[in-house]
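Okay, structure-v9.pdb now, which holds PDB, C-alpha atoms, pLDDT in the B column:
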ATOM      1  CA  MET A   1     -21.879 -63.757  -9.293  1.00 75.00           C
ATOM      2  CA  LEU A   2     -24.478 -64.250  -6.614  1.00 84.00           C
ATOM      3  CA  VAL A   3     -24.815 -61.927  -3.651  1.00 82.00           C
ATOM      4  CA  ASP A   4     -26.752 -62.964  -0.598  1.00 89.00           C
ATOM      5  CA  LYS A   5     -29.249 -60.654   1.062  1.00 89.00           C
ATOM      6  CA  ALA A   6     -27.039 -59.738   4.029  1.00 91.00           C
ATOM      7  CA  GLU A   7     -24.113 -58.719   1.800  1.00 90.00           C
ATOM      8  CA  PHE A   8     -26.426 -56.715  -0.457  1.00 90.00           C
ATOM      9  CA  GLU A   9     -27.900 -54.844   2.498  1.00 91.00           C
ATOM     10  CA  ALA A  10     -24.403 -54.100   3.830  1.00 91.00           C
ATOM     11  CA  TRP A  11     -23.371 -52.610   0.484  1.00 90.00           C
ATOM     12  CA  MET A  12     -26.576 -50.551   0.270  1.00 90.00           C
ATOM     13  CA  GLU A  13     -26.004 -49.281   3.801  1.00 92.00           C
ATOM     14  CA  ARG A  14     -22.478 -48.163   2.858  1.00 92.00           C
ATOM     15  CA  ILE A  15     -23.710 -46.449  -0.311  1.00 91.00           C
ATOM     16  CA  MET A  16     -26.515 -44.660   1.533  1.00 92.00           C
ATOM     17  CA  GLY A  17     -24.051 -43.557   4.223  1.00 91.00           C
ATOM     18  CA  GLU A  18     -21.718 -42.070   1.591  1.00 91.00           C
ATOM     19  CA  LEU A  19     -24.608 -40.295  -0.154  1.00 90.00           C
ATOM     20  CA  TYR A  20     -25.757 -38.862   3.167  1.00 89.00           C
ATOM     21  CA  ARG A  21     -22.223 -37.675   3.977  1.00 90.00           C
ATOM     22  CA  ILE A  22     -21.875 -36.013   0.543  1.00 90.00           C
ATOM     23  CA  SER A  23     -25.282 -34.393   0.911  1.00 89.00           C
ATOM     24  CA  ARG A  24     -24.297 -32.901   4.292  1.00 88.00           C
ATOM     25  CA  LYS A  25     -21.070 -31.505   2.836  1.00 85.00           C
ATOM     26  CA  MET A  26     -22.954 -29.906  -0.036  1.00 85.00           C
ATOM     27  CA  ASP A  27     -25.452 -28.339   2.366  1.00 81.00           C
ATOM     28  CA  LYS A  28     -22.618 -26.899   4.467  1.00 78.00           C
ATOM     29  CA  ALA A  29     -20.893 -25.524   1.359  1.00 73.00           C
ATOM     30  CA  GLU A  30     -24.116 -23.888   0.139  1.00 71.00           C
ATOM     31  CA  THR A  31     -24.762 -22.373   3.562  1.00 67.00           C
ATOM     32  CA  ARG A  32     -21.199 -21.064   3.797  1.00 61.00           C
ATOM     33  CA  GLU A  33     -21.419 -19.666   0.258  1.00 59.00           C
ATOM     34  CA  LYS A  34     -24.667 -17.867   1.052  1.00 55.00           C
ATOM     35  CA  HIS A  35     -23.126 -16.189   4.067  1.00 53.00           C
ATOM     36  CA  LEU A  36     -19.846 -15.281   2.395  1.00 58.00           C
ATOM     37  CA  ASN A  37     -21.095 -14.148  -0.996  1.00 79.00           C
ATOM     38  CA  TYR A  38     -24.063 -12.021   0.054  1.00 79.00           C
ATOM     39  CA  LEU A  39     -24.290  -8.980   2.284  1.00 77.00           C
ATOM     40  CA  ASN A  40     -27.808  -7.788   3.098  1.00 82.00           C
ATOM     41  CA  GLY A  41     -29.111  -9.696   0.085  1.00 81.00           C
ATOM     42  CA  GLU A  42     -26.578  -8.119  -2.280  1.00 87.00           C
ATOM     43  CA  ARG A  43     -24.072 -10.235  -4.217  1.00 89.00           C
ATOM     44  CA  LEU A  44     -20.430  -9.858  -3.203  1.00 91.00           C
ATOM     45  CA  TYR A  45     -17.486 -10.529  -5.525  1.00 92.00           C
ATOM     46  CA  ASP A  46     -13.982 -11.473  -4.417  1.00 92.00           C
ATOM     47  CA  ASN A  47     -10.716 -10.277  -6.000  1.00 94.00           C
ATOM     48  CA  GLN A  48     -10.494 -13.107  -8.508  1.00 93.00           C
ATOM     49  CA  GLU A  49     -14.059 -12.662  -9.719  1.00 91.00           C
ATOM     50  CA  VAL A  50     -13.590  -8.894 -10.158  1.00 93.00           C
ATOM     51  CA  CYS A  51     -10.329  -9.376 -12.072  1.00 93.00           C
ATOM     52  CA  GLN A  52     -12.057 -11.808 -14.430  1.00 91.00           C
ATOM     53  CA  LEU A  53     -15.114  -9.597 -14.801  1.00 89.00           C
ATOM     54  CA  LEU A  54     -13.151  -6.423 -15.619  1.00 89.00           C
ATOM     55  CA  ARG A  55     -10.313  -8.244 -17.400  1.00 88.00           C
ATOM     56  CA  ILE A  56      -7.678  -6.573 -15.265  1.00 91.00           C
ATOM     57  CA  SER A  57      -4.708  -7.777 -13.240  1.00 94.00           C
ATOM     58  CA  LYS A  58      -4.612  -8.105  -9.465  1.00 95.00           C
ATOM     59  CA  ARG A  59      -2.196  -5.174  -9.342  1.00 95.00           C
ATOM     60  CA  THR A  60      -4.588  -2.928 -11.273  1.00 94.00           C
ATOM     61  CA  LEU A  61      -7.368  -3.901  -8.891  1.00 95.00           C
ATOM     62  CA  GLN A  62      -5.096  -3.038  -5.958  1.00 95.00           C
ATOM     63  CA  ARG A  63      -4.384   0.370  -7.541  1.00 94.00           C
ATOM     64  CA  TYR A  64      -8.129   1.045  -7.917  1.00 94.00           C
ATOM     65  CA  ARG A  65      -8.594   0.268  -4.212  1.00 95.00           C
ATOM     66  CA  ASN A  66      -5.627   2.395  -3.113  1.00 95.00           C
ATOM     67  CA  ASN A  67      -6.793   5.366  -5.163  1.00 93.00           C
ATOM     68  CA  GLY A  68     -10.302   5.101  -3.722  1.00 93.00           C
ATOM     69  CA  VAL A  69     -11.824   4.601  -7.164  1.00 91.00           C
ATOM     70  CA  LEU A  70     -13.431   1.271  -6.265  1.00 94.00           C
ATOM     71  CA  LYS A  71     -15.223   0.667  -2.979  1.00 94.00           C
ATOM     72  CA  PHE A  72     -14.410  -2.556  -1.157  1.00 95.00           C
ATOM     73  CA  TYR A  73     -15.170  -4.377   2.072  1.00 92.00           C
ATOM     74  CA  THR A  74     -12.899  -6.601   4.133  1.00 91.00           C
ATOM     75  CA  ILE A  75     -14.549  -9.535   5.889  1.00 87.00           C
ATOM     76  CA  TYR A  76     -12.363 -11.983   7.826  1.00 88.00           C
ATOM     77  CA  HIS A  77      -9.201 -10.725   6.095  1.00 91.00           C
ATOM     78  CA  LYS A  78     -10.719 -11.188   2.639  1.00 92.00           C
ATOM     79  CA  THR A  79     -11.641  -8.372   0.251  1.00 93.00           C
ATOM     80  CA  TYR A  80     -15.106  -8.201  -1.299  1.00 94.00           C
ATOM     81  CA  TYR A  81     -16.880  -5.816  -3.661  1.00 95.00           C
ATOM     82  CA  LYS A  82     -20.612  -5.139  -3.762  1.00 94.00           C
ATOM     83  CA  GLU A  83     -22.323  -5.705  -7.072  1.00 93.00           C
ATOM     84  CA  THR A  84     -23.838  -2.195  -7.059  1.00 93.00           C
ATOM     85  CA  ASP A  85     -20.401  -0.659  -6.415  1.00 94.00           C
ATOM     86  CA  LEU A  86     -19.002  -2.581  -9.369  1.00 93.00           C
ATOM     87  CA  HIS A  87     -21.824  -1.399 -11.634  1.00 91.00           C
ATOM     88  CA  GLU A  88     -21.228   2.188 -10.531  1.00 91.00           C
ATOM     89  CA  PHE A  89     -17.472   1.830 -11.099  1.00 91.00           C
ATOM     90  CA  ILE A  90     -18.030   0.474 -14.611  1.00 89.00           C
ATOM     91  CA  ARG A  91     -20.498   3.270 -15.481  1.00 88.00           C
ATOM     92  CA  ASN A  92     -18.165   5.972 -14.191  1.00 86.00           C
ATOM     93  CA  ASN A  93     -14.883   4.687 -15.570  1.00 84.00           C
ATOM     94  CA  PHE A  94     -15.613   2.673 -18.672  1.00 76.00           C
ATOM     95  CA  ASP A  95     -17.360   4.428 -21.547  1.00 69.00           C
ATOM     96  CA  GLU A  96     -18.465   1.668 -23.903  1.00 66.00           C
ATOM     97  CA  ASN A  97     -17.828   3.685 -27.051  1.00 66.00           C
ATOM     98  CA  GLU A  98     -14.369   4.707 -25.820  1.00 66.00           C
ATOM     99  CA  VAL A  99     -13.461   1.095 -25.087  1.00 64.00           C
ATOM    100  CA  LYS A 100     -14.622   0.001 -28.559  1.00 68.00           C
ATOM    101  CA  ARG A 101     -12.758   2.886 -30.225  1.00 70.00           C
ATOM    102  CA  GLN A 102      -9.556   2.096 -28.353  1.00 68.00           C
ATOM    103  CA  ALA A 103      -9.789  -1.589 -29.275  1.00 69.00           C
ATOM    104  CA  ARG A 104     -10.328  -0.647 -32.927  1.00 72.00           C
ATOM    105  CA  GLU A 105      -7.319   1.701 -32.862  1.00 71.00           C
ATOM    106  CA  ASP A 106      -5.176  -0.983 -31.261  1.00 68.00           C
ATOM    107  CA  ARG A 107      -6.098  -3.456 -33.996  1.00 70.00           C
ATOM    108  CA  LEU A 108      -5.416  -0.870 -36.714  1.00 68.00           C
ATOM    109  CA  SER A 109      -2.062   0.147 -35.259  1.00 66.00           C
ATOM    110  CA  GLU A 110      -0.999  -3.491 -35.165  1.00 66.00           C
ATOM    111  CA  THR A 111      -2.104  -4.068 -38.765  1.00 64.00           C
ATOM    112  CA  PHE A 112      -0.998  -0.750 -40.265  1.00 62.00           C
ATOM    113  CA  PRO A 113       1.786   0.805 -38.186  1.00 61.00           C
ATOM    114  CA  MET A 114       2.182   4.561 -38.595  1.00 58.00           C
ATOM    115  CA  PRO A 115       5.403   5.628 -40.350  1.00 60.00           C
ATOM    116  CA  ILE A 116       7.988   7.255 -38.143  1.00 60.00           C
ATOM    117  CA  GLU A 117       8.692  10.839 -39.200  1.00 57.00           C
ATOM    118  CA  GLU A 118      12.318  11.699 -39.611  1.00 54.00           C
ATOM    119  CA  ALA A 119      13.754  14.264 -37.252  1.00 49.00           C
ATOM    120  CA  ASP A 120      15.402  16.281 -40.014  1.00 49.00           C
ATOM    121  CA  GLU A 121      12.455  17.653 -42.001  1.00 48.00           C
ATOM    122  CA  GLU A 122      14.582  20.127 -43.947  1.00 50.00           C
ATOM    123  CA  GLN A 123      15.966  17.445 -46.245  1.00 50.00           C
ATOM    124  CA  GLU A 124      15.186  18.195 -49.828  1.00 50.00           C
ATOM    125  CA  PRO A 125      13.455  15.466 -51.779  1.00 47.00           C
ATOM    126  CA  GLU A 126      15.502  13.633 -54.347  1.00 48.00           C
ATOM    127  CA  GLU A 127      14.987  14.744 -57.912  1.00 48.00           C
ATOM    128  CA  HIS A 128      14.096  12.144 -60.466  1.00 47.00           C
ATOM    129  CA  GLY A 129      14.765  13.920 -63.693  1.00 49.00           C
ATOM    130  CA  ASN A 130      16.101  12.847 -67.023  1.00 50.00           C
ATOM    131  CA  ARG A 131      19.363  11.553 -65.660  1.00 50.00           C
ATOM    132  CA  GLY A 132      18.960   8.258 -67.370  1.00 50.00           C
ATOM    133  CA  ASP A 133      17.134   6.769 -64.422  1.00 49.00           C
ATOM    134  CA  VAL A 134      16.733   3.108 -65.353  1.00 51.00           C
ATOM    135  CA  SER A 135      13.947   2.402 -62.881  1.00 50.00           C
ATOM    136  CA  SER A 136      11.714   5.165 -64.275  1.00 50.00           C
ATOM    137  CA  ASP A 137      12.358   3.951 -67.820  1.00 53.00           C
ATOM    138  CA  ASN A 138      11.387   0.428 -66.786  1.00 53.00           C
ATOM    139  CA  ASN A 139       8.164   1.780 -65.235  1.00 51.00           C
ATOM    140  CA  ASN A 140       7.311   3.629 -68.448  1.00 50.00           C
ATOM    141  CA  ILE A 141       7.923   0.501 -70.497  1.00 49.00           C
ATOM    142  CA  LYS A 142       5.683  -1.572 -68.227  1.00 47.00           C
ATOM    143  CA  LYS A 143       2.922   1.043 -68.503  1.00 49.00           C
ATOM    144  CA  MET A 144       3.087   1.000 -72.298  1.00 49.00           C
ATOM    145  CA  GLU A 145       2.918  -2.778 -72.399  1.00 48.00           C
ATOM    146  CA  LEU A 146      -0.316  -2.763 -70.399  1.00 46.00           C
TER     147      LEU A 146
END

Encoding of this model in C-alpha cells:
Amino acid sequence: MLVDKAEFEAWMERIMGELYRISRKMDKAETREKHLNYLNGERLYDNQEVCQLLRISKRTLQRYRNNGVLKFYTIYHKTYYKETDLHEFIRNNFDENEVKRQAREDRLSETFPMPIEEADEEQEPEEHGNRGDVSSDNNNIKKMEL
C-alpha cells in the first residue's frame, strides 16, 4: 500500500491534533485535581477515599461527622477531610494493639466458639458408676489393647 505525501501529511496532522487535544484535557484535569484535592498545600480526601483508608462504611463515616469526632470541610457541596485531621483521628480513636487484639479474638471466636452455659446450673452431674455402663467398659478395653 503506497501513500502519497499529501495523504501522509493529512494523517499526521490529524494525529497531532488528537494528541494536542488529549494533552490539553490532561492539563485541565491535573489543574482541577490540584485545586480540589489540596487546601493550603495540605492533601484533602473525599468520602470514598476516607472510607477505603479506614475500611469503614459511608454510614459510619457520616456518624463520625455527626458526632463531631472527625473534622470535615464542605467545598462546593462536597465533603473533604484534611490529611492532618485524619491522622489525628486515627491516633485518638484507633489503638494499634487494640485493633490487633480484637482481630485476633474475632478469628479465635470463629475457629473455637465458646460453649454456651446452661441457665440451670443446679443440675447434678450424671453418675457413671458400676451400673454396667457399656461405653466405659469399651473405653477400658481399648486402653488395655494399647

Quick one: pull the distance between atom CA of A:Arg104 and atom CA of A:His87, Å, one decimal. 24.2 Å

Record the distance separating atom CA of A:His77 and atom CA of A:Asn92, expressed in Å with one decimal. 27.8 Å

If you count all atoms listed in the file, which residues fall within 10 Å of A:Val50, apart from same-chain ones fewer than 3 positions away, as a ChimeraX atom specification? /A:44-47,53-58,61,80-81,83,86

Just need the box for stretch 6-24 of chain A, edges along x, y and z, holding every atom the file lists for it with 5 Å tacked onto each side, so centre and edge lengths in Å to one decimal, as AutoDock Vina command-line options.
--center_x -24.8 --center_y -46.3 --center_z 1.9 --size_x 16.2 --size_y 36.8 --size_z 14.7

Contacts of stretch 36-40 of chain A at 12 Å or less, counting all atoms listed in the file, minus same-chain residues fewer than 2 places along, as a list in words?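 Counting only the stated atoms, we get Ala29, Glu30, Thr31, Arg32, Glu33, Lys34, Glu42, Arg43, Leu44, Tyr45, Asp46, Glu49, Tyr73, Thr74, Ile75, Tyr76, Lys78, Thr79, Tyr80, Tyr81, Lys82, Glu83 and Thr84 of chain A.
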
Using the selection just defined, write its residues with C-alpha atoms as a tab-separated table (two decimals), in the coordinates of the input.
chain	number	residue	atom	x	y	z
A	29	ALA	CA	-20.89	-25.52	1.36
A	30	GLU	CA	-24.12	-23.89	0.14
A	31	THR	CA	-24.76	-22.37	3.56
A	32	ARG	CA	-21.20	-21.06	3.80
A	33	GLU	CA	-21.42	-19.67	0.26
A	34	LYS	CA	-24.67	-17.87	1.05
A	42	GLU	CA	-26.58	-8.12	-2.28
A	43	ARG	CA	-24.07	-10.24	-4.22
A	44	LEU	CA	-20.43	-9.86	-3.20
A	45	TYR	CA	-17.49	-10.53	-5.52
A	46	ASP	CA	-13.98	-11.47	-4.42
A	49	GLU	CA	-14.06	-12.66	-9.72
A	73	TYR	CA	-15.17	-4.38	2.07
A	74	THR	CA	-12.90	-6.60	4.13
A	75	ILE	CA	-14.55	-9.54	5.89
A	76	TYR	CA	-12.36	-11.98	7.83
A	78	LYS	CA	-10.72	-11.19	2.64
A	79	THR	CA	-11.64	-8.37	0.25
A	80	TYR	CA	-15.11	-8.20	-1.30
A	81	TYR	CA	-16.88	-5.82	-3.66
A	82	LYS	CA	-20.61	-5.14	-3.76
A	83	GLU	CA	-22.32	-5.70	-7.07
A	84	THR	CA	-23.84	-2.19	-7.06

What is the distance between atom CA of A:Ile90 and atom CA of A:Gln48, in Å to one decimal?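 Straight-line distance from atom CA of A:Ile90 to atom CA of A:Gln48 works out to 16.7 Å.
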